[in-house]
Amino acid sequence: MEAKGPLGLDMAKLQVSKAQLSTDDPLSSPEVTLHGEIGDASDITQSPRALNEEVIATPRRALERARRLFVLEPAVHESHPVEVAWGASQILATYGVTGEVGLWDAEGNRAHEPIKLANAAAASGRSRLMWDAAGAVLLIHGDGLGLHVWAKADGLRQLASASMGASSVSFVRWSRTHAGLLAFGTEKGEIFVYQHALMTRAEKQNAGKHPGVVLPGIRADNQIVCGDWLMNNALALASGARLKVSHPIAHLNPRWKTFTKFRVHEMQAKIPLTKLVSGERSGYRALPSIVKASATTTPFLAMNLGDKVVTLVDYAGNFREEGFFIPLDYGTIVGMEWLPNDLLVIGLTNGYIISVNVPLFLSQRNPAAKRGGTPPRKAAPANRRPKAMSTTRVMGAYLSDIKVSLDGTRLCVLGDSRVKELAIAVSTSTSEIRVSVEVEFVLPFESKVGTFVRSLEWGPGGIVCVTSNLGHVFAFVAPAREASALGDRAPPEVDSAEARAHGDGRWRADADAADGEDAR
């Protein structure tokens, strides 16, 4: 007999498969402690400068028409920034200073009456709004707001308001692959896992607790600040002291068991601080705020250390951890996203992206294939090595967000009052990374001092949602495109006239044009 959960979910499909727990999976092997070091400070490389400081040209064919779905005007959210969540759900959720959760269909009509949060007046800082993997359960969290969960069933109703130390919740994230499975961390380094389908309270995972670190000259906080779920349902969480990764977590009986851990302060000690601060800055805050895991079978992890340094970790243990820093004049890290074939793309505030072929980068930085295994091989001369990283300027004034589509194949960047979808291809013969603009939309938004486009969110079916700092919400459908970062495709030819016409593509919407051990 087929077992159904309270939301009508197929309970059999919610369980971790035997393949996910196979001993062939490197994350199912005994616990490993990573090195947490990369040699001398001089070994931390700088990311390459762009070969051309001009904004990458947009071919005329890329200035395509977007089908606009709707626009929510600033008055809806009292002209203040708004958080949005679409994900796999057919309903867009919005939340702003009004203290209400708005729910909208794909035509901009209300799908449900606004949901007022009783303690919204106590909220401070930026809130977090997320649908789970199935688009059936909505979460909202913020400082002073607590942690709230709703389920989509017969409309939308509030199912539970988390009361287990909600005021101290510092990080939340739904599982990528298992509907209703939520992990959250606290200011005290504690980890909880909540399974919505079971309708039980969140369970504290004592084995995953992060300790504080007090060493000569070092005091690291144990507050959980960022993390990510892997595709096999393992969980990576970072604090100021540790990066810890679990074994795959079972869906219906979630238990944390540490697979690997990384001591953050050992990597911080190798950062060349003199290259990261200008004369006007007194220091560099090298704390993590972003963790992103690739979607491959043997994944890599990318973590920032402050706004100018990126650390790369190989879970399988084939390569030592490596890091690189970003030139001062390129701005700070906005976000990091993974594309297929372990290609990492990093967005920078001054309009640049850095593309990293991570396996190639790690192999070049690690001459030995295995730690303690194959003896080092003589590296090829630097001028003959394939380039594992490239830098491209994609916006002229600023870049505010970078996001990959739900299927992980399409990449959009936001800035300069426009959205660009990029194709990033790695040559199979030369490993050269090439970036081209596939689609560009100019938003109906007047850019002036004090106003800017703020965030970007993908939805189902190629929907893209953009917000501004004034509270605009623009929703449109991006034209179907071939998967980014796949194949060996050359960028399209662009003549100088088309390059000069870069900003001539006004909003072309149809509506407008035609209308324990672990604790140490």
# chains A, B, ... in the order shown; residues from 1 in each chain; ligands from 1
$ residues_around --residues "A:Glu73" --least-positions-apart "2" --cutoff "10 Å" --atoms "only C-alpha atoms" --output "number ranges by chain"
A: 70-71, 75-79, 470-474
$ residues_around --residues "A:Ile44" --least-positions-apart "6" --cutoff "9 Å" --atoms "only C-alpha atoms" --output "PyMOL selection string"
chain A and resi 38+270-272+322-325
$ write_last_selection --atoms "C-alpha atoms" --output "compact mmCIF listing (two decimals), in the first residue's frame"
# COMPACT_ATOMS: atom_id res chain seq x y z
CA ILE A 38 47.56 25.64 1.64
CA LYS A 270 47.46 32.07 5.20
CA ILE A 271 45.62 35.05 3.74
CA PRO A 272 47.99 37.79 2.43
CA GLU A 322 43.16 25.78 -2.11
CA GLY A 323 42.29 29.44 -2.15
CA PHE A 324 42.61 32.62 -4.18
CA PHE A 325 41.98 36.32 -3.63
$ closest_residue --among "A:Tyr352, A:Phe184, A:Tyr284, A:Phe476" --to "A:Val442" --atoms "only C-alpha atoms"
A:Phe476
$ closest_residue --among "A:Trp229, A:Tyr330, A:Trp338, A:Phe441" --to "A:Leu414" --atoms "only C-alpha atoms"
A:Phe441
$ atom_distance --atom1 "atom CA of A:Glu190" --atom2 "atom CA of A:Cys226"
12.8 Å
$ atom_distance --atom1 "atom CA of A:Val437" --atom2 "atom CA of A:Pro340"
17.7 Å
$ atom_distance --atom1 "atom CA of A:Arg454" --atom2 "atom CA of A:Tyr95"
14.5 Å
$ closest_atom_pairs --of "stretch 265-360 of chain A" --to "stretch 257-261 of chain A" --cutoff "12 Å" --atoms "only C-alpha atoms" --output "Markdown table"
| residue | atom | partner | partner_atom | distance |
| --- | --- | --- | --- | --- |
| A:Val313 | CA | A:Lys261 | CA | 10.7 |
| A:Asp314 | CA | A:Thr260 | CA | 10.8 |
| A:Tyr315 | CA | A:Thr260 | CA | 8.0 |
| A:Ala316 | CA | A:Thr260 | CA | 10.1 |
| A:Gly317 | CA | A:Thr260 | CA | 9.8 |
| A:Glu321 | CA | A:Lys261 | CA | 11.9 |
